[in-house]
Structures are given as C-alpha cells and as structure tokens.
>>> print(open('upload-v3.pdb').read())   # PDB, C-alpha atoms
ATOM      1  CA  MET A   1      35.901  -9.575  23.093
ATOM      2  CA  ASN A   2      37.403 -12.942  22.376
ATOM      3  CA  PHE A   3      35.833 -15.452  24.735
ATOM      4  CA  THR A   4      37.805 -18.615  25.426
ATOM      5  CA  PRO A   5      35.754 -20.993  27.520
ATOM      6  CA  LYS A   6      37.383 -22.830  30.406
ATOM      7  CA  ILE A   7      36.474 -26.476  29.923
ATOM      8  CA  LEU A   8      36.812 -29.189  32.528
ATOM      9  CA  ALA A   9      37.238 -32.636  31.004
ATOM     10  CA  TYR A  10      36.128 -35.463  33.286
ATOM     11  CA  VAL A  11      37.693 -38.502  31.658
ATOM     12  CA  CYS A  12      37.896 -42.228  32.271
ATOM     13  CA  THR A  13      41.469 -43.262  32.986
ATOM     14  CA  TYR A  14      41.129 -46.430  30.885
ATOM     15  CA  CYS A  15      39.640 -45.169  27.637
ATOM     16  CA  THR A  16      39.443 -41.396  27.147
ATOM     17  CA  TYR A  17      42.627 -40.598  29.064
ATOM     18  CA  THR A  18      44.527 -43.318  27.202
ATOM     19  CA  ALA A  19      43.153 -41.968  23.923
ATOM     20  CA  ALA A  20      44.260 -38.459  24.920
ATOM     21  CA  ASP A  21      47.696 -39.900  25.696
ATOM     22  CA  MET A  22      47.882 -41.464  22.231
ATOM     23  CA  ALA A  23      46.716 -38.209  20.650
ATOM     24  CA  GLY A  24      49.542 -36.486  22.540
ATOM     25  CA  SER A  25      52.062 -39.032  21.211
ATOM     26  CA  ALA A  26      50.806 -38.170  17.720
ATOM     27  CA  ARG A  27      51.603 -34.491  18.519
ATOM     28  CA  MET A  28      47.947 -33.475  18.361
ATOM     29  CA  GLN A  29      47.086 -30.335  20.320
ATOM     30  CA  TYR A  30      44.230 -29.233  22.541
ATOM     31  CA  PRO A  31      43.696 -25.754  24.056
ATOM     32  CA  ALA A  32      45.405 -24.946  27.348
ATOM     33  CA  THR A  33      42.016 -23.906  28.720
ATOM     34  CA  VAL A  34      40.921 -27.551  28.799
ATOM     35  CA  ARG A  35      41.757 -29.085  32.181
ATOM     36  CA  ILE A  36      41.641 -32.849  32.565
ATOM     37  CA  ILE A  37      40.325 -34.584  35.670
ATOM     38  CA  LYS A  38      40.832 -38.335  35.685
ATOM     39  CA  TYR A  39      38.213 -40.730  36.973
ATOM     40  CA  LEU A  40      38.811 -44.432  37.480
ATOM     41  CA  CYS A  41      35.461 -44.766  35.748
ATOM     42  CA  THR A  42      33.123 -42.017  34.521
ATOM     43  CA  GLY A  43      30.292 -44.075  36.019
ATOM     44  CA  ARG A  44      31.499 -42.546  39.295
ATOM     45  CA  ILE A  45      30.529 -39.050  38.163
ATOM     46  CA  ASP A  46      27.777 -37.576  40.252
ATOM     47  CA  ILE A  47      25.728 -34.442  39.665
ATOM     48  CA  ILE A  48      27.545 -32.802  42.610
ATOM     49  CA  HIS A  49      30.906 -33.168  40.762
ATOM     50  CA  ILE A  50      29.433 -31.303  37.802
ATOM     51  CA  LEU A  51      27.939 -28.564  39.988
ATOM     52  CA  LYS A  52      31.233 -28.180  41.896
ATOM     53  CA  GLY A  53      33.024 -27.837  38.548
ATOM     54  CA  PHE A  54      30.763 -24.965  37.546
ATOM     55  CA  GLU A  55      31.098 -23.433  41.024
ATOM     56  CA  ALA A  56      34.874 -23.522  40.563
ATOM     57  CA  GLY A  57      34.489 -21.397  37.444
ATOM     58  CA  ALA A  58      34.241 -23.833  34.531
ATOM     59  CA  ASP A  59      32.266 -22.600  31.521
ATOM     60  CA  ALA A  60      31.611 -26.111  30.276
ATOM     61  CA  ILE A  61      32.186 -29.675  31.390
ATOM     62  CA  PHE A  62      33.127 -32.441  29.010
ATOM     63  CA  VAL A  63      32.622 -36.039  30.066
ATOM     64  CA  GLY A  64      34.532 -38.730  28.206
ATOM     65  CA  GLY A  65      34.290 -42.380  29.118
TER      66      GLY A  65
ATOM     67  CA  MET B   1      10.149 -45.242  56.263
ATOM     68  CA  ILE B   2       9.056 -41.671  55.608
ATOM     69  CA  ILE B   3       9.115 -40.748  51.930
ATOM     70  CA  ALA B   4       9.682 -37.158  50.867
ATOM     71  CA  GLU B   5      10.363 -35.235  47.671
ATOM     72  CA  ARG B   6      12.523 -32.164  47.374
ATOM     73  CA  LYS B   7      10.626 -28.949  46.834
ATOM     74  CA  PRO B   8      11.083 -27.179  43.488
ATOM     75  CA  PHE B   9      14.293 -25.132  43.514
ATOM     76  CA  ALA B  10      12.468 -21.875  42.719
ATOM     77  CA  GLU B  11      10.290 -22.298  45.821
ATOM     78  CA  ILE B  12      13.308 -22.868  48.086
ATOM     79  CA  LYS B  13      15.182 -19.938  46.545
ATOM     80  CA  ALA B  14      12.188 -17.614  47.027
ATOM     81  CA  MET B  15      11.848 -18.617  50.709
ATOM     82  CA  LEU B  16      15.488 -17.783  51.340
ATOM     83  CA  ALA B  17      15.567 -14.485  49.437
ATOM     84  CA  PRO B  18      15.706 -12.202  52.510
ATOM     85  CA  TYR B  19      18.615 -14.006  54.185
ATOM     86  CA  LYS B  20      22.393 -13.667  53.884
ATOM     87  CA  LYS B  21      23.655 -16.628  55.896
ATOM     88  CA  ILE B  22      21.806 -19.919  56.052
ATOM     89  CA  LEU B  23      22.413 -23.374  57.457
ATOM     90  CA  ILE B  24      21.129 -26.367  55.491
ATOM     91  CA  VAL B  25      20.471 -29.309  57.791
ATOM     92  CA  GLY B  26      20.142 -32.764  56.279
ATOM     93  CA  CYS B  27      18.755 -35.879  57.896
ATOM     94  CA  GLY B  28      20.623 -39.150  57.538
ATOM     95  CA  THR B  29      17.708 -41.552  57.933
ATOM     96  CA  CYS B  30      14.497 -41.860  55.856
ATOM     97  CA  VAL B  31      14.958 -38.846  53.580
ATOM     98  CA  ALA B  32      18.541 -39.914  52.857
ATOM     99  CA  VAL B  33      17.327 -43.328  51.674
ATOM    100  CA  CYS B  34      14.659 -41.777  49.429
ATOM    101  CA  LEU B  35      17.287 -39.399  47.979
ATOM    102  CA  ALA B  36      15.499 -36.247  49.105
ATOM    103  CA  GLY B  37      17.317 -34.783  52.096
ATOM    104  CA  GLY B  38      20.465 -36.667  53.064
ATOM    105  CA  GLU B  39      24.062 -35.445  53.159
ATOM    106  CA  LYS B  40      24.375 -35.686  49.378
ATOM    107  CA  GLU B  41      21.202 -33.696  48.747
ATOM    108  CA  VAL B  42      22.376 -31.024  51.218
ATOM    109  CA  GLY B  43      25.509 -30.603  49.078
ATOM    110  CA  LEU B  44      23.453 -30.449  45.888
ATOM    111  CA  LEU B  45      21.069 -27.813  47.225
ATOM    112  CA  ALA B  46      23.933 -25.703  48.584
ATOM    113  CA  SER B  47      25.764 -25.886  45.262
ATOM    114  CA  GLN B  48      22.609 -25.040  43.286
ATOM    115  CA  LEU B  49      21.923 -22.034  45.521
ATOM    116  CA  ARG B  50      25.507 -20.752  45.234
ATOM    117  CA  LEU B  51      25.428 -21.068  41.437
ATOM    118  CA  ALA B  52      21.960 -19.529  41.015
ATOM    119  CA  LEU B  53      22.667 -16.582  43.299
ATOM    120  CA  GLY B  54      26.140 -16.138  41.830
ATOM    121  CA  LEU B  55      24.548 -15.612  38.420
ATOM    122  CA  GLU B  56      22.492 -12.784  39.957
ATOM    123  CA  ASP B  57      25.586 -11.278  41.646
ATOM    124  CA  LYS B  58      24.125 -12.023  45.064
ATOM    125  CA  ARG B  59      26.022 -13.588  47.900
ATOM    126  CA  LEU B  60      24.623 -16.182  50.254
ATOM    127  CA  GLU B  61      26.801 -17.806  52.871
ATOM    128  CA  ILE B  62      25.767 -21.424  53.245
ATOM    129  CA  GLY B  63      26.602 -23.845  56.041
ATOM    130  CA  GLU B  64      26.004 -27.555  55.505
ATOM    131  CA  ILE B  65      25.481 -30.195  58.157
ATOM    132  CA  THR B  66      23.694 -33.537  58.316
ATOM    133  CA  VAL B  67      22.551 -35.229  61.505
ATOM    134  CA  GLU B  68      21.670 -38.890  61.909
ATOM    135  CA  ARG B  69      18.007 -38.187  62.679
ATOM    136  CA  GLN B  70      16.292 -34.839  63.025
ATOM    137  CA  CYS B  71      13.337 -36.419  64.831
ATOM    138  CA  ASP B  72      15.573 -37.443  67.720
ATOM    139  CA  LEU B  73      16.622 -35.035  70.478
ATOM    140  CA  GLU B  74      19.840 -36.952  71.055
ATOM    141  CA  PHE B  75      21.101 -36.080  67.568
ATOM    142  CA  LEU B  76      19.432 -32.702  67.232
ATOM    143  CA  ARG B  77      20.469 -31.007  70.467
ATOM    144  CA  PRO B  78      24.196 -30.718  69.595
ATOM    145  CA  LEU B  79      23.126 -28.779  66.480
ATOM    146  CA  CYS B  80      21.976 -25.837  68.594
ATOM    147  CA  ASP B  81      25.626 -24.816  69.072
ATOM    148  CA  PHE B  82      26.007 -24.370  65.289
ATOM    149  CA  THR B  83      22.850 -22.418  64.567
ATOM    150  CA  ALA B  84      23.553 -19.173  66.460
ATOM    151  CA  ASP B  85      25.532 -17.531  63.646
ATOM    152  CA  TYR B  86      22.936 -18.088  60.919
ATOM    153  CA  ASP B  87      20.009 -15.923  59.783
ATOM    154  CA  ALA B  88      17.827 -18.853  58.781
ATOM    155  CA  ILE B  89      17.828 -22.630  58.805
ATOM    156  CA  VAL B  90      16.709 -24.920  56.000
ATOM    157  CA  SER B  91      15.744 -28.398  57.080
ATOM    158  CA  MET B  92      15.801 -31.212  54.548
ATOM    159  CA  ALA B  93      14.096 -33.632  56.955
ATOM    160  CA  CYS B  94      10.466 -34.747  56.948
ATOM    161  CA  GLY B  95       7.861 -32.483  58.532
ATOM    162  CA  ALA B  96       8.545 -34.021  61.950
ATOM    163  CA  GLY B  97      12.225 -33.124  61.735
ATOM    164  CA  VAL B  98      11.492 -29.586  60.531
ATOM    165  CA  GLN B  99       9.153 -28.972  63.458
ATOM    166  CA  PHE B 100      11.505 -30.494  66.017
ATOM    167  CA  LEU B 101      14.332 -28.320  64.721
ATOM    168  CA  ASN B 102      12.027 -25.296  64.763
ATOM    169  CA  GLN B 103      11.102 -26.038  68.383
ATOM    170  CA  LEU B 104      14.732 -26.312  69.415
ATOM    171  CA  CYS B 105      16.117 -23.337  67.506
ATOM    172  CA  SER B 106      13.465 -20.899  68.561
ATOM    173  CA  LEU B 107      15.430 -17.777  67.530
ATOM    174  CA  HIS B 108      15.683 -18.628  63.833
ATOM    175  CA  PRO B 109      13.132 -19.131  61.089
ATOM    176  CA  VAL B 110      13.236 -22.756  59.911
ATOM    177  CA  PHE B 111      12.209 -23.571  56.320
ATOM    178  CA  PRO B 112      11.387 -26.961  54.823
ATOM    179  CA  ALA B 113      13.227 -28.023  51.678
ATOM    180  CA  VAL B 114      11.200 -31.184  51.075
ATOM    181  CA  ASN B 115       7.544 -32.137  50.846
ATOM    182  CA  THR B 116       6.819 -35.106  53.103
ATOM    183  CA  THR B 117       4.617 -37.507  51.187
ATOM    184  CA  PHE B 118       3.896 -40.772  53.014
ATOM    185  CA  ILE B 119       5.075 -43.789  54.988
ATOM    186  CA  GLY B 120       6.226 -46.200  52.341
ATOM    187  CA  VAL B 121       8.590 -48.878  51.149
ATOM    188  CA  ASN B 122      11.685 -48.770  48.993
ATOM    189  CA  ASN B 123      10.765 -51.081  46.068
ATOM    190  CA  ALA B 124      13.932 -50.330  44.167
ATOM    191  CA  VAL B 125      16.280 -47.371  43.859
ATOM    192  CA  GLY B 126      14.105 -44.317  43.311
ATOM    193  CA  HIS B 127      10.794 -46.220  43.418
ATOM    194  CA  TYR B 128       8.718 -45.790  46.551
ATOM    195  CA  THR B 129       5.147 -46.771  47.265
ATOM    196  CA  GLU B 130       2.848 -45.939  50.126
ATOM    197  CA  ALA B 131       2.270 -48.796  52.527
ATOM    198  CA  CYS B 132       0.882 -47.452  55.808
ATOM    199  CA  ARG B 133      -1.466 -44.637  56.827
ATOM    200  CA  ALA B 134      -0.406 -44.848  60.513
ATOM    201  CA  CYS B 135      -4.103 -45.323  61.335
ATOM    202  CA  HIS B 136      -3.606 -46.426  64.970
ATOM    203  CA  ASN B 137      -5.384 -49.761  64.427
ATOM    204  CA  CYS B 138      -3.595 -52.401  62.360
ATOM    205  CA  TYR B 139      -5.773 -54.879  60.431
ATOM    206  CA  LEU B 140      -2.951 -56.674  58.617
ATOM    207  CA  GLY B 141      -3.316 -59.861  60.702
ATOM    208  CA  ILE B 142      -6.884 -60.294  59.457
ATOM    209  CA  THR B 143      -6.481 -59.021  55.898
ATOM    210  CA  GLY B 144      -3.646 -61.257  54.767
ATOM    211  CA  GLY B 145      -0.926 -58.639  55.235
ATOM    212  CA  ILE B 146      -2.520 -56.208  52.754
ATOM    213  CA  CYS B 147      -3.733 -52.952  54.268
ATOM    214  CA  PRO B 148      -7.299 -52.010  53.298
ATOM    215  CA  VAL B 149      -6.903 -48.561  54.876
ATOM    216  CA  THR B 150      -3.941 -47.687  52.630
ATOM    217  CA  MET B 151      -4.345 -49.847  49.526
ATOM    218  CA  CYS B 152      -8.066 -49.170  49.038
ATOM    219  CA  PRO B 153      -8.519 -45.492  48.059
ATOM    220  CA  LYS B 154     -11.812 -45.558  49.964
ATOM    221  CA  GLY B 155     -10.296 -47.281  53.007
ATOM    222  CA  LEU B 156     -13.098 -49.860  53.054
ATOM    223  CA  LEU B 157     -12.820 -52.401  55.865
ATOM    224  CA  ASN B 158     -15.348 -55.042  54.805
ATOM    225  CA  GLY B 159     -14.878 -56.118  51.227
ATOM    226  CA  PRO B 160     -14.717 -54.261  47.932
ATOM    227  CA  CYS B 161     -17.058 -51.536  46.739
ATOM    228  CA  GLY B 162     -19.255 -51.914  43.658
ATOM    229  CA  GLY B 163     -16.638 -50.214  41.517
ATOM    230  CA  THR B 164     -14.175 -53.084  41.343
ATOM    231  CA  VAL B 165     -13.847 -54.316  37.745
ATOM    232  CA  ASN B 166     -12.057 -57.591  37.006
ATOM    233  CA  GLY B 167      -9.970 -57.170  40.124
ATOM    234  CA  HIS B 168      -9.065 -53.569  39.327
ATOM    235  CA  CYS B 169      -9.890 -50.353  41.153
ATOM    236  CA  GLU B 170     -12.415 -47.847  39.795
ATOM    237  CA  VAL B 171     -10.418 -44.940  41.239
ATOM    238  CA  ASP B 172      -7.257 -45.982  39.399
ATOM    239  CA  PRO B 173      -7.884 -48.819  36.876
ATOM    240  CA  GLU B 174      -4.112 -49.323  36.659
ATOM    241  CA  LYS B 175      -4.137 -50.570  40.239
ATOM    242  CA  GLU B 176      -5.410 -53.845  41.573
ATOM    243  CA  CYS B 177      -8.426 -53.708  43.878
ATOM    244  CA  ALA B 178      -7.076 -54.021  47.439
ATOM    245  CA  TRP B 179      -9.928 -56.283  48.453
ATOM    246  CA  SER B 180      -9.395 -58.503  45.439
ATOM    247  CA  ARG B 181      -5.764 -58.856  46.511
ATOM    248  CA  ILE B 182      -6.833 -59.544  50.090
ATOM    249  CA  TYR B 183      -9.283 -62.259  48.914
ATOM    250  CA  HIS B 184      -6.709 -64.031  46.759
ATOM    251  CA  ARG B 185      -4.037 -63.848  49.451
ATOM    252  CA  LEU B 186      -6.364 -65.273  52.101
ATOM    253  CA  GLU B 187      -7.465 -67.973  49.634
ATOM    254  CA  LEU B 188      -3.823 -68.898  49.099
ATOM    255  CA  GLU B 189      -3.260 -69.101  52.839
ATOM    256  CA  GLY B 190      -6.493 -71.070  53.425
ATOM    257  CA  ARG B 191      -7.813 -68.297  55.670
ATOM    258  CA  LEU B 192     -10.893 -67.180  53.709
ATOM    259  CA  ASP B 193     -12.944 -67.594  56.883
ATOM    260  CA  ASN B 194     -11.360 -64.332  58.033
ATOM    261  CA  LEU B 195     -13.714 -62.548  55.642
ATOM    262  CA  ARG B 196     -16.733 -63.736  57.634
ATOM    263  CA  GLU B 197     -15.647 -61.459  60.450
ATOM    264  CA  ILE B 198     -17.250 -58.047  60.157
ATOM    265  CA  LEU B 199     -14.746 -55.408  61.136
ATOM    266  CA  PRO B 200     -16.191 -52.705  63.406
ATOM    267  CA  LEU B 201     -16.055 -49.015  62.560
ATOM    268  CA  HIS B 202     -12.524 -47.728  62.321
ATOM    269  CA  PRO B 203     -11.637 -45.845  65.531
ATOM    270  CA  HIS B 204     -11.220 -42.464  63.858
ATOM    271  CA  ASN B 205     -11.426 -40.827  67.296
ATOM    272  CA  ARG B 206      -7.944 -42.199  68.017
ATOM    273  CA  THR B 207      -6.538 -40.553  64.914
ATOM    274  CA  THR B 208      -7.216 -37.037  66.200
ATOM    275  CA  THR B 209      -4.026 -35.084  65.706
ATOM    276  CA  PRO B 210      -1.530 -34.539  67.175
ATOM    277  CA  GLY B 211      -1.149 -38.071  68.516
ATOM    278  CA  THR B 212       0.883 -38.976  71.568
ATOM    279  CA  VAL B 213       2.204 -42.361  72.592
ATOM    280  CA  ILE B 214       3.797 -43.046  75.946
ATOM    281  CA  HIS B 215       5.444 -46.415  76.331
ATOM    282  CA  PRO B 216       3.886 -48.363  79.223
ATOM    283  CA  ALA B 217       7.260 -48.558  80.965
ATOM    284  CA  TYR B 218       7.447 -44.744  81.039
ATOM    285  CA  LYS B 219       3.920 -43.946  82.208
ATOM    286  CA  ARG B 220       5.109 -42.996  85.696
ATOM    287  CA  ARG B 221       7.611 -40.569  84.203
ATOM    288  CA  TYR B 222       5.361 -38.849  81.661
ATOM    289  CA  GLY B 223       1.846 -39.507  82.999
ATOM    290  CA  PRO B 224      -0.917 -41.621  81.432
ATOM    291  CA  ASN B 225      -1.428 -41.690  77.680
ATOM    292  CA  GLU B 226      -5.122 -40.927  77.610
TER     293      GLU B 226
END
>>> encode(input="upload-v3.pdb", output="structure tokens")
Amino acid sequence: MNFTPKILAYVCTYCTYTAADMAGSARMQYPATVRIIKYLCTGRIDIIHILKGFEAGADAIFVGG
Amino acid sequence: MIIAERKPFAEIKAMLAPYKKILIVGCGTCVAVCLAGGEKEVGLLASQLRLALGLEDKRLEIGEITVERQCDLEFLRPLCDFTADYDAIVSMACGAGVQFLNQLCSLHPVFPAVNTTFIGVNNAVGHYTEACRACHNCYLGITGGICPVTMCPKGLLNGPCGGTVNGHCEVDPEKECAWSRIYHRLELEGRLDNLREILPLHPHNRTTTPGTVIHPAYKRRYGPNE
C-alpha cells in the first residue's frame, strides 16, 4: 500500500508563506496532500492547535516560521 | 491562590475507562492561573482523550465546560442542568471544587483531573511557590512577613533549630533558613525586639479538619461558629 501522509503546514504569513509564494513563482511544486494554514506569527501556535490538527486527521504537522 | 498540577494522562484515562459520555468541567480561577485546570486545559484534556481513544478504536463522547469558580454555589448550581446526560464528570478544579461538584451532582461519579498541591504565589509564568499553610493563626505581623509555619520545614515558632548552617536549611540546603530570613528582615526594619517575645504553642486544636468559618454578620443565620 502506498501511504501518502496528509501534512498540515502551520506557517508564518511573513516569512514561510512568503517563501512558499516565491517558490510557487519559481514553479516549484509541493504535494497536494500538504495543506497550508497561515498564522500571523507562529509564536501564536498553541499545543491545542496541534492536537486539533491531529484530531482533524493530519498525519503530521509542519511548523514554519 | 490554590496551586494544582494535572494528573498524569494515563491515570485520568484509566479512571474514565468504563464510561461512554463524560463532561469535563474546568475552573476559571486559581487552577486556570496555574495552567492546570482552566478552559484551555479542559480543551487539551478533551483533545488528548479523543486522540488516545481514537487510536484504540474506542469512542468517548466528551462535553467541555468551564465555570468561573467551582468552589462557589452561585457559579456551580447552573451546571446541574448540563450534567444529567453524562455518565461521569471530570473536574479540573482543586479538591474543594471537586467535592462541591460531587455534592451537587449526586447522581454521577465525579473524578479529579488535577492534584491540588498548596496555597501559593505566582512568581512568574509557570513558577509557583508555597506561601501559606492556612494554619488558622497568622504570625506574619511578628515575624517580619515571613511565615515560620510554611517556610520552616519544621514549622518552628521561636527561632531556628540547630540544623541551620550559614543561613541555610538542613532539610533542604538549597533553601534559606526561614528563621535566618526572619532575623535579617526584622533587623532591616529595626524590629529585632519582636524576637524577645516567646510565641505560645500553635493552636493545633483549631486546625482539626474539616474547618468551618461563619462570618460574624451571619451568625444569626447559620448559628455560632464554635
């Protein structure tokens, strides 16, 4: 069985999201199973956000900030 | 305020094993400040339980609610309307709140989710230290605002024991001797004469549990205190 993990990406709108935007402009690809959630600042991330992500069915959570 | 620590997750999970529908009740006062049982911690515990039981293919229906103070009838009574549908209740309040909730919701088992530790102060975020033993007889006016009952592991009322070494405690050498602190504080305040007063035996008879206090203005309503 080919397992493709569903990954939630919690990203900072100022750095990681902007970088992802630039990567997109450069036609770089990322898997469709990665879903981006923007934070104004990843300092806002709380343990409950991570738990809720897993409860919602994520296999992994990536934090970029 | 009352300081508490959340119980280990495995202990909470084991207590709730026989039940299918539980209500987690948080308390928005002391235990919320010490990050053990407030609204946020209710959400965390509920999420942890859902995830852990989900991994075992078990289903637990969880209700979440937080009241301002579980030790206060005014805030607790309205909760009774919510509890009827649940198999068990988990209280994240201190021991007083758990027992008050248990008294009020007499048809459901009530489980504690925190261990109540002491009456203390909030030094900084996440750092709490014990400050009061609720001993019924406050000496702070005589001892320079430093409590010998709490700060001295032996609760000595008239000066240090023979185990004090360079102002440190023999029970825990990391800690300052309470009586050394009291001496230096009184010296600073020019009140060293206070130490000439011999404090009488501590009235341990008053600390018999459970204690009751009736405010003088309400004596006619509830009867005399003693």
>>> resolve_selection(input="upload-v3.pdb", expression="the PyMOL selection byres ((chain B) within 10 of (chain A))", output="list in words")
Lys40, Glu41, Gly43, Leu44, Leu45, Ala46, Ser47, Gln48, Arg50, Leu51, Ala52 and Gly54 of chain B
>>> resolve_selection(input="upload-v3.pdb", expression="the PyMOL selection byres ((chain B and resi 182-193) around 10)", output="PyMOL selection string")
chain B and resi 140+142-148+159-160+177-181+194-197
>>> write_last_selection(input="upload-v3.pdb", atoms="C-alpha atoms", output="compact mmCIF listing (two decimals), in the coordinates of the input")
# COMPACT_ATOMS: atom_id res chain seq x y z
CA LEU B 140 -2.95 -56.67 58.62
CA ILE B 142 -6.88 -60.29 59.46
CA THR B 143 -6.48 -59.02 55.90
CA GLY B 144 -3.65 -61.26 54.77
CA GLY B 145 -0.93 -58.64 55.24
CA ILE B 146 -2.52 -56.21 52.75
CA CYS B 147 -3.73 -52.95 54.27
CA PRO B 148 -7.30 -52.01 53.30
CA GLY B 159 -14.88 -56.12 51.23
CA PRO B 160 -14.72 -54.26 47.93
CA CYS B 177 -8.43 -53.71 43.88
CA ALA B 178 -7.08 -54.02 47.44
CA TRP B 179 -9.93 -56.28 48.45
CA SER B 180 -9.40 -58.50 45.44
CA ARG B 181 -5.76 -58.86 46.51
CA ASN B 194 -11.36 -64.33 58.03
CA LEU B 195 -13.71 -62.55 55.64
CA ARG B 196 -16.73 -63.74 57.63
CA GLU B 197 -15.65 -61.46 60.45
>>> closest_residue(input="upload-v3.pdb", among="A:Ala60, A:Met1, A:Gly65, A:Thr42", to="Thr18 in chain A", atoms="all atoms listed in the file")
A:Gly65
>>> closest_residue(input="upload-v3.pdb", among="B:Cys34, B:Asp87, B:Pro153, B:Lys21", to="Pro173 in chain B", atoms="only C-alpha atoms")
B:Pro153
>>> resolve_selection(input="upload-v3.pdb", expression="the PyMOL selection byres ((chain A and resi 40) around 12)", output="list of chain:residue names")
A:Tyr10, A:Val11, A:Cys12, A:Thr13, A:Tyr14, A:Cys15, A:Thr16, A:Tyr17, A:Thr18, A:Ile37, A:Lys38, A:Tyr39, A:Cys41, A:Thr42, A:Gly43, A:Arg44, A:Ile45, A:Gly64, A:Gly65
>>> write_last_selection(input="upload-v3.pdb", atoms="C-alpha atoms", output="PDB file, keeping the file's coordinate frame")
ATOM      1  CA  TYR A  10      36.128 -35.463  33.286  1.00  0.00           C
ATOM      2  CA  VAL A  11      37.693 -38.502  31.658  1.00  0.00           C
ATOM      3  CA  CYS A  12      37.896 -42.228  32.271  1.00  0.00           C
ATOM      4  CA  THR A  13      41.469 -43.262  32.986  1.00  0.00           C
ATOM      5  CA  TYR A  14      41.129 -46.430  30.885  1.00  0.00           C
ATOM      6  CA  CYS A  15      39.640 -45.169  27.637  1.00  0.00           C
ATOM      7  CA  THR A  16      39.443 -41.396  27.147  1.00  0.00           C
ATOM      8  CA  TYR A  17      42.627 -40.598  29.064  1.00  0.00           C
ATOM      9  CA  THR A  18      44.527 -43.318  27.202  1.00  0.00           C
ATOM     10  CA  ILE A  37      40.325 -34.584  35.670  1.00  0.00           C
ATOM     11  CA  LYS A  38      40.832 -38.335  35.685  1.00  0.00           C
ATOM     12  CA  TYR A  39      38.213 -40.730  36.973  1.00  0.00           C
ATOM     13  CA  CYS A  41      35.461 -44.766  35.748  1.00  0.00           C
ATOM     14  CA  THR A  42      33.123 -42.017  34.521  1.00  0.00           C
ATOM     15  CA  GLY A  43      30.292 -44.075  36.019  1.00  0.00           C
ATOM     16  CA  ARG A  44      31.499 -42.546  39.295  1.00  0.00           C
ATOM     17  CA  ILE A  45      30.529 -39.050  38.163  1.00  0.00           C
ATOM     18  CA  GLY A  64      34.532 -38.730  28.206  1.00  0.00           C
ATOM     19  CA  GLY A  65      34.290 -42.380  29.118  1.00  0.00           C
TER      20      GLY A  65
END
>>> decode(input="upload-v3.pdb", residues="range 170-176 of chain B", atoms="all heavy atoms", output="short mmCIF file (atom, residue, chain, number, x, y, z; two decimals), in the first residue's frame")
data_model
loop_
_atom_site.label_atom_id
_atom_site.label_comp_id
_atom_site.auth_asym_id
_atom_site.auth_seq_id
_atom_site.Cartn_x
_atom_site.Cartn_y
_atom_site.Cartn_z
N GLU B 170 18.78 22.72 57.02
CA GLU B 170 19.38 21.38 56.97
C GLU B 170 18.49 20.40 56.19
O GLU B 170 18.96 19.41 55.67
CB GLU B 170 19.64 20.84 58.38
CG GLU B 170 18.40 20.48 59.17
CD GLU B 170 18.72 19.68 60.43
OE1 GLU B 170 19.86 19.23 60.57
OE2 GLU B 170 17.80 19.51 61.25
N VAL B 171 17.19 20.71 56.12
CA VAL B 171 16.28 19.83 55.38
C VAL B 171 16.53 19.95 53.88
O VAL B 171 16.58 18.96 53.15
CB VAL B 171 14.81 20.14 55.74
CG1 VAL B 171 13.86 19.28 54.90
CG2 VAL B 171 14.55 19.92 57.23
N ASP B 172 16.69 21.19 53.42
CA ASP B 172 16.99 21.44 52.01
C ASP B 172 18.06 22.55 51.96
O ASP B 172 17.73 23.73 52.01
CB ASP B 172 15.72 21.86 51.27
CG ASP B 172 15.99 22.12 49.79
OD1 ASP B 172 17.16 22.04 49.37
OD2 ASP B 172 15.03 22.43 49.07
N PRO B 173 19.35 22.15 51.85
CA PRO B 173 20.44 23.15 51.90
C PRO B 173 20.35 24.19 50.78
O PRO B 173 20.99 25.23 50.84
CB PRO B 173 21.71 22.31 51.76
CG PRO B 173 21.30 20.93 52.12
CD PRO B 173 19.87 20.79 51.75
N GLU B 174 19.54 23.92 49.77
CA GLU B 174 19.35 24.90 48.69
C GLU B 174 18.54 26.09 49.18
O GLU B 174 18.59 27.17 48.60
CB GLU B 174 18.58 24.25 47.52
CG GLU B 174 19.33 23.13 46.82
CD GLU B 174 20.38 23.65 45.86
OE1 GLU B 174 20.02 24.41 44.98
OE2 GLU B 174 21.57 23.30 46.05
N LYS B 175 17.74 25.84 50.23
CA LYS B 175 16.83 26.89 50.70
C LYS B 175 17.42 27.64 51.89
O LYS B 175 18.15 27.08 52.70
CB LYS B 175 15.50 26.27 51.11
CG LYS B 175 14.74 25.72 49.92
CD LYS B 175 13.25 25.69 50.18
CE LYS B 175 12.51 25.33 48.91
NZ LYS B 175 12.10 23.94 48.89
N GLU B 176 17.03 28.93 51.96
CA GLU B 176 17.46 29.72 53.10
C GLU B 176 16.68 29.28 54.33
O GLU B 176 15.52 28.90 54.24
CB GLU B 176 17.15 31.20 52.83
CG GLU B 176 18.26 31.95 52.14
CD GLU B 176 17.93 33.43 52.07
OE1 GLU B 176 18.29 34.15 53.00
OE2 GLU B 176 17.30 33.82 51.08
#
